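The file work20.cif contains mmCIF, C-alpha atoms (C1' of nucleotides):
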```cif
data_run
#
loop_
_atom_site.label_atom_id
_atom_site.label_comp_id
_atom_site.auth_asym_id
_atom_site.auth_seq_id
_atom_site.Cartn_x
_atom_site.Cartn_y
_atom_site.Cartn_z
CA MET A 1 21.33 -219.85 -103.40
CA LYS A 2 24.45 -220.41 -105.49
CA ILE A 3 26.88 -217.60 -106.23
CA ALA A 4 29.65 -218.21 -108.74
CA THR A 5 32.67 -216.63 -110.40
CA TRP A 6 34.07 -217.58 -113.79
CA ASN A 7 36.76 -216.04 -115.93
CA VAL A 8 35.42 -216.94 -119.38
CA ASN A 9 38.35 -215.54 -121.43
CA SER A 10 36.15 -213.99 -124.15
CA LEU A 11 32.37 -214.22 -123.81
CA ASN A 12 32.14 -214.18 -127.61
CA VAL A 13 33.90 -217.53 -127.75
CA ARG A 14 32.48 -218.91 -124.51
CA MET A 15 28.78 -218.02 -124.82
CA PRO A 16 27.84 -221.64 -125.70
CA HIS A 17 29.84 -222.83 -122.68
CA LEU A 18 28.16 -220.27 -120.41
CA LYS A 19 24.68 -221.26 -121.60
CA GLN A 20 25.37 -224.95 -121.11
CA TRP A 21 26.85 -224.31 -117.68
CA LEU A 22 23.97 -222.07 -116.51
CA ALA A 23 21.50 -224.78 -117.47
CA ALA A 24 23.49 -227.49 -115.68
CA ALA A 25 24.65 -225.67 -112.54
CA GLN A 26 21.65 -223.37 -112.04
CA PRO A 27 23.58 -220.60 -110.27
CA ASP A 28 21.60 -217.63 -108.92
CA VAL A 29 24.37 -215.04 -109.24
CA VAL A 30 27.34 -215.24 -111.61
CA ALA A 31 30.35 -212.93 -111.78
CA LEU A 32 32.13 -213.07 -115.12
CA GLN A 33 35.62 -211.78 -115.95
CA GLU A 34 37.48 -211.22 -119.22
CA THR A 35 34.31 -210.81 -121.23
CA LYS A 36 36.36 -208.76 -123.75
CA LEU A 37 33.17 -207.11 -125.04
CA GLU A 38 32.11 -203.51 -125.41
CA ASP A 39 28.86 -202.86 -123.53
CA SER A 40 26.98 -202.36 -126.82
CA LYS A 41 27.89 -205.97 -127.76
CA PHE A 42 26.99 -207.65 -124.47
CA PRO A 43 24.49 -210.50 -125.05
CA ASP A 44 22.01 -209.31 -122.41
CA THR A 45 18.93 -210.19 -124.50
CA GLU A 46 20.15 -213.75 -125.03
CA LEU A 47 20.86 -214.11 -121.29
CA ALA A 48 17.48 -212.64 -120.39
CA ALA A 49 15.86 -215.40 -122.45
CA LEU A 50 17.61 -217.86 -120.11
CA GLY A 51 16.22 -216.04 -117.08
CA TYR A 52 19.25 -213.95 -116.15
CA ARG A 53 19.33 -210.19 -115.78
CA SER A 54 22.77 -208.79 -116.48
CA VAL A 55 24.85 -205.70 -115.77
CA PHE A 56 28.28 -205.22 -117.29
CA SER A 57 31.31 -202.99 -117.60
CA GLY A 58 33.30 -203.90 -120.66
CA GLN A 59 35.77 -202.79 -123.26
CA LYS A 60 37.13 -204.09 -126.55
CA THR A 61 39.84 -206.80 -126.59
CA TYR A 62 40.81 -206.86 -122.90
CA ASN A 63 39.28 -207.15 -119.43
CA GLY A 64 35.51 -206.67 -119.00
CA VAL A 65 33.32 -207.82 -116.08
CA ALA A 66 29.63 -208.68 -115.72
CA LEU A 67 27.14 -209.79 -113.10
CA LEU A 68 24.23 -212.10 -113.92
CA SER A 69 21.31 -212.53 -111.54
CA ARG A 70 18.41 -214.96 -111.83
CA HIS A 71 16.09 -213.05 -109.52
CA ASP A 72 16.87 -209.54 -108.33
CA MET A 73 18.11 -206.91 -110.75
CA PRO A 74 21.56 -205.72 -109.58
CA GLN A 75 21.26 -202.19 -108.14
CA ASN A 76 23.48 -199.33 -106.99
CA ILE A 77 26.25 -200.20 -109.41
CA VAL A 78 29.84 -199.03 -108.93
CA THR A 79 32.47 -199.55 -111.66
CA ASP A 80 35.09 -197.00 -110.63
CA VAL A 81 36.65 -196.37 -107.25
CA PRO A 82 38.25 -193.20 -105.90
CA GLY A 83 41.97 -192.91 -106.58
CA LEU A 84 41.85 -195.34 -109.49
CA ASP A 85 41.55 -193.35 -112.68
CA ASP A 86 41.60 -196.58 -114.63
CA PRO A 87 40.28 -197.12 -118.15
CA GLN A 88 40.58 -200.89 -117.66
CA ARG A 89 37.17 -202.40 -116.89
CA ARG A 90 37.89 -204.70 -113.93
CA ILE A 91 35.35 -203.75 -111.24
CA LEU A 92 31.59 -204.24 -110.93
CA ILE A 93 29.96 -203.82 -107.54
CA ALA A 94 26.19 -204.10 -107.04
CA ASP A 95 23.44 -204.97 -104.59
CA VAL A 96 21.93 -208.34 -105.45
CA GLY A 97 19.07 -209.19 -103.10
CA ASP A 98 20.41 -208.86 -99.55
CA LEU A 99 24.03 -209.15 -100.69
CA ARG A 100 26.54 -206.50 -101.71
CA VAL A 101 28.51 -208.23 -104.48
CA ALA A 102 31.91 -207.03 -105.71
CA ASN A 103 33.15 -208.68 -108.90
CA LEU A 104 36.90 -208.13 -109.39
CA TYR A 105 39.21 -208.97 -112.26
CA VAL A 106 42.47 -208.33 -110.44
CA VAL A 107 45.47 -207.21 -112.51
CA ASN A 108 47.65 -210.15 -113.58
CA GLY A 109 50.94 -208.37 -112.96
CA GLN A 110 52.99 -210.22 -115.60
CA ALA A 111 56.22 -210.62 -113.58
CA VAL A 112 57.43 -209.71 -110.09
CA GLY A 113 59.16 -206.33 -110.22
CA SER A 114 57.62 -205.24 -113.54
CA GLU A 115 55.60 -202.07 -114.11
CA LYS A 116 52.45 -204.19 -114.29
CA TYR A 117 53.35 -205.76 -110.94
CA ALA A 118 53.55 -202.31 -109.33
CA TYR A 119 50.20 -201.48 -110.93
CA LYS A 120 48.73 -204.71 -109.50
CA LEU A 121 49.82 -203.92 -105.93
CA ASP A 122 48.67 -200.30 -106.19
CA TRP A 123 45.35 -201.39 -107.72
CA LEU A 124 44.76 -203.92 -104.93
CA ALA A 125 45.60 -201.41 -102.21
CA ARG A 126 43.19 -198.82 -103.60
CA VAL A 127 40.40 -201.32 -104.23
CA THR A 128 40.84 -202.68 -100.69
CA ASP A 129 40.57 -199.13 -99.30
CA TYR A 130 37.32 -198.69 -101.19
CA LEU A 131 35.98 -202.10 -100.11
CA ALA A 132 36.64 -201.16 -96.47
CA ASN A 133 33.84 -198.62 -96.87
CA GLU A 134 31.60 -201.21 -98.53
CA ALA A 135 32.30 -203.67 -95.67
CA ALA A 136 31.42 -201.00 -93.11
CA ARG A 137 28.14 -200.23 -94.87
CA HIS A 138 27.02 -203.74 -95.85
CA PRO A 139 26.95 -206.67 -93.42
CA ASN A 140 26.58 -209.19 -96.26
CA LEU A 141 29.52 -208.47 -98.54
CA VAL A 142 30.73 -210.97 -101.15
CA VAL A 143 33.97 -210.18 -103.00
CA LEU A 144 34.61 -212.65 -105.79
CA GLY A 145 36.44 -212.95 -109.05
CA ASP A 146 39.77 -213.73 -110.64
CA PHE A 147 42.23 -212.53 -107.99
CA ASN A 148 45.34 -213.61 -109.91
CA ILE A 149 46.79 -214.57 -106.50
CA ALA A 150 47.13 -218.07 -105.04
CA PRO A 151 46.43 -217.49 -101.31
CA ASP A 152 48.91 -220.07 -100.01
CA ASP A 153 51.04 -223.02 -101.08
CA ARG A 154 48.11 -225.46 -100.94
CA ASP A 155 46.75 -223.48 -103.90
CA VAL A 156 49.80 -224.14 -106.08
CA HIS A 157 50.67 -227.39 -107.88
CA ASP A 158 54.42 -226.86 -107.44
CA PRO A 159 55.08 -224.36 -104.62
CA ALA A 160 58.85 -224.63 -104.99
CA ALA A 161 58.78 -223.73 -108.68
CA TRP A 162 56.32 -220.87 -108.09
CA LYS A 163 58.01 -219.48 -104.96
CA ASP A 164 58.25 -215.67 -105.24
CA GLN A 165 56.86 -215.83 -108.80
CA ILE A 166 53.92 -213.84 -110.13
CA LEU A 167 50.55 -214.95 -108.64
CA CYS A 168 52.40 -216.38 -105.60
CA SER A 169 54.76 -213.68 -104.33
CA GLU A 170 54.62 -212.58 -100.70
CA PRO A 171 53.60 -208.95 -101.47
CA GLU A 172 50.65 -210.24 -103.51
CA ARG A 173 49.64 -212.63 -100.73
CA ALA A 174 49.97 -209.82 -98.19
CA ALA A 175 47.71 -207.63 -100.33
CA LEU A 176 45.10 -210.42 -100.39
CA ARG A 177 45.41 -210.86 -96.59
CA ARG A 178 44.74 -207.15 -96.17
CA LEU A 179 41.50 -207.62 -98.11
CA LEU A 180 40.55 -210.66 -96.00
CA ASP A 181 41.30 -208.59 -92.88
CA LEU A 182 38.26 -206.47 -93.72
CA GLY A 183 36.36 -209.40 -92.19
CA LEU A 184 36.08 -211.74 -95.17
CA LEU A 185 36.52 -215.51 -95.42
CA ASP A 186 37.94 -217.51 -98.33
CA SER A 187 34.78 -219.62 -98.51
CA PHE A 188 36.42 -222.58 -100.27
CA ARG A 189 38.70 -223.07 -97.25
CA GLU A 190 35.73 -223.25 -94.90
CA PHE A 191 34.93 -226.60 -96.53
CA HIS A 192 38.20 -227.94 -97.98
CA SER A 193 41.69 -227.93 -96.44
CA ASN A 194 43.39 -230.12 -99.02
CA ASP A 195 45.93 -229.10 -101.62
CA GLY A 196 45.52 -229.93 -105.32
CA ALA A 197 42.24 -227.99 -105.78
CA PHE A 198 42.73 -225.50 -108.58
CA SER A 199 40.67 -223.09 -110.70
CA TRP A 200 43.14 -222.17 -113.46
CA TRP A 201 45.42 -224.26 -115.64
CA ASP A 202 47.66 -222.90 -118.41
CA TYR A 203 46.58 -223.86 -121.91
CA ARG A 204 50.10 -225.09 -122.59
CA GLN A 205 51.72 -228.45 -121.94
CA ALA A 206 48.47 -230.28 -121.17
CA ALA A 207 48.43 -228.56 -117.78
CA PHE A 208 44.78 -229.38 -117.06
CA ARG A 209 45.14 -233.10 -117.81
CA ARG A 210 48.16 -233.17 -115.48
CA ASN A 211 46.42 -230.94 -112.89
CA LEU A 212 49.23 -228.39 -113.01
CA GLY A 213 47.10 -225.53 -111.77
CA LEU A 214 46.60 -222.73 -109.30
CA ARG A 215 43.58 -221.69 -107.23
CA ILE A 216 43.27 -218.00 -108.07
CA ASP A 217 39.47 -217.67 -108.53
CA LEU A 218 37.96 -216.99 -105.12
CA VAL A 219 34.64 -216.30 -103.43
CA LEU A 220 35.30 -214.21 -100.32
CA ALA A 221 32.35 -213.50 -98.04
CA SER A 222 31.70 -211.62 -94.80
CA GLN A 223 32.22 -213.57 -91.60
CA ASN A 224 28.69 -212.40 -90.89
CA LEU A 225 27.49 -214.73 -93.66
CA ARG A 226 29.33 -217.78 -92.25
CA PRO A 227 26.18 -219.29 -90.64
CA ARG A 228 24.59 -219.33 -94.10
CA PHE A 229 27.48 -221.12 -95.86
CA ALA A 230 26.15 -224.42 -97.22
CA GLY A 231 29.06 -225.49 -99.43
CA ALA A 232 31.87 -224.32 -101.67
CA SER A 233 33.26 -225.94 -104.80
CA ILE A 234 35.09 -225.62 -108.07
CA ASP A 235 33.26 -227.08 -111.06
CA LEU A 236 35.87 -228.80 -113.25
CA GLU A 237 33.33 -229.93 -115.85
CA PRO A 238 33.43 -226.90 -118.21
CA ARG A 239 37.25 -227.04 -118.25
CA ARG A 240 36.92 -230.47 -119.90
CA TRP A 241 34.74 -229.24 -122.77
CA GLU A 242 35.95 -228.42 -126.27
CA ARG A 243 37.66 -225.03 -126.64
CA PRO A 244 37.37 -224.23 -122.91
CA SER A 245 38.25 -221.18 -120.88
CA ASP A 246 41.52 -221.70 -119.02
CA HIS A 247 39.55 -221.09 -115.78
CA ALA A 248 36.88 -223.19 -114.06
CA PRO A 249 33.90 -221.71 -112.17
CA ALA A 250 34.20 -221.39 -108.37
CA LEU A 251 31.01 -221.43 -106.30
CA LEU A 252 29.61 -220.69 -102.86
CA GLU A 253 26.22 -221.98 -101.79
CA LEU A 254 24.37 -219.88 -99.23
CA ASN A 255 21.24 -220.77 -97.31
CA ALA A 256 18.40 -218.29 -97.71
"C1'" DA B 1 64.98 -223.93 -123.79
"C1'" DT B 2 62.76 -217.02 -122.61
"C1'" DG B 3 59.88 -222.08 -125.36
"C1'" DG B 4 54.66 -223.70 -124.99
"C1'" DT B 5 48.68 -222.18 -126.13
"C1'" DG B 6 44.79 -219.21 -126.78
"C1'" DG B 7 42.09 -214.62 -127.88
"C1'" DC B 8 42.02 -210.53 -130.43
"C1'" DA B 9 43.14 -208.73 -134.53
"C1'" DG B 10 45.32 -208.89 -138.31
"C1'" DA B 11 51.39 -207.64 -135.79
"C1'" DG B 12 52.08 -207.82 -131.36
"C1'" DC B 13 50.06 -207.64 -126.76
"C1'" DC B 14 48.11 -209.89 -122.92
"C1'" DA B 15 47.37 -213.76 -120.06
#
```

Translate this file's structure into structure tokens.
Amino acid sequence: MKIATWNVNSLNVRMPHLKQWLAAAQPDVVALQETKLEDSKFPDTELAALGYRSVFSGQKTYNGVALLSRHDMPQNIVTDVPGLDDPQRRILIADVGDLRVANLYVVNGQAVGSEKYAYKLDWLARVTDYLANEAARHPNLVVLGDFNIAPDDRDVHDPAAWKDQILCSEPERAALRRLLDLGLLDSFREFHSNDGAFSWWDYRQAAFRRNLGLRIDLVLASQNLRPRFAGASIDLEPRRWERPSDHAPALLELNA
DNA sequence: ATGGTGGCAGAGCCA
């Protein structure tokens, strides 16, 4: 089975892209971020016609997450975690088949030292505390989404320019390591050790054409699932289409 | 260079 994450940067704008990509890539589970849709406007009927059940936690204008599943209806949904009294819709955790799937749209953080940066680190700490309980309860945990953190310098097109900048700072990387220390693997790195593999490119300055990107969209999975890993990839194709999201989908393939 | 591009909303915020 294929499990994927994609920050679509407005599902209203990107619905044609999503439909084309679902048909081409045939993923079984898809975590979406930045849907920017109130729940009453989520296109669940249209997605059901394509064979996908969907659950979602959205809001107007900003944020918004969703999980699509081709087979099992997502169950036991969590959208809020203790200690985070947060109106921003960034979390959607559900059982999908024999997996516990946590879709995260991690806070961007704007700039190191800003108020939003402090919010990002606090948010990550509290979500990690909550996911520790999920990891203890569920042997097959997948935590995926837009982490807004490049795990190490291989994930950055120009590590010198980005050193200690937002998305790359040491406190952010330490917060991500603390999440991985729950017993999770960055699945992409189980298959690829090279640099230059990115999932996000700024819309400005032809960054995608020049491959000036970062790898910030991750599929983390329990070490317990390692024997089932069949491949991991980033699909660059939808980033080449007209009016694309600034992110590309990242995928993990698991054997049954 | 405090720029640049895009989405939402209809000016400024967020990424």

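Applying a distance limit of 7 Å to all atoms listed in the file, the residues of chain B near chain A read DG4, DT5, DG6 and DC8 of chain B.
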
Between atom CA of A:Gly145 and atom CA of A:Leu104, what is the spacing in Å?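 If I compute the distance from atom CA of A:Leu104 to atom CA of A:Gly145, I get 4.9 Å.
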
Might I get the box with edges along x, y and z of the file that holds all atoms of stretch 2-20 of chain A listed there, padded by 3 Å on every side, given as centre and edge lengths in Å to one decimal, as AutoDock Vina command-line options?
```
--center_x 31.4 --center_y -219.5 --center_z -116.6 --size_x 19.9 --size_y 17.0 --size_z 28.3
```

Atom CA of A:Arg90 to atom CA of A:Val143: how many Å, to one decimal? 12.8 Å

List, as a list in words, every residue that the PyMOL selection byres ((chain A and resi 187) around 7) selects in the file provided. Leu185, Asp186, Phe188, Arg189, Glu190, Val219, Leu220, Ala221, Ala232 and Leu252 of chain A

Neighbour list for A:Arg228 as a PyMOL selection string, cut-off 6 Å, all atoms listed in the file, skip fewer than 2 positions in-chain: chain A and resi 225-226+254-255

Do you know which residues are at most 10 Å from A:Glu172 counting only C-alpha atoms (C1' of nucleotides), after dropping those on the same chain fewer than 6 positions away, and could you put them as an NGL selection string? :A and (109 or 112 or 117 or 120-121 or 124 or 147-151 or 164-166 or 178)
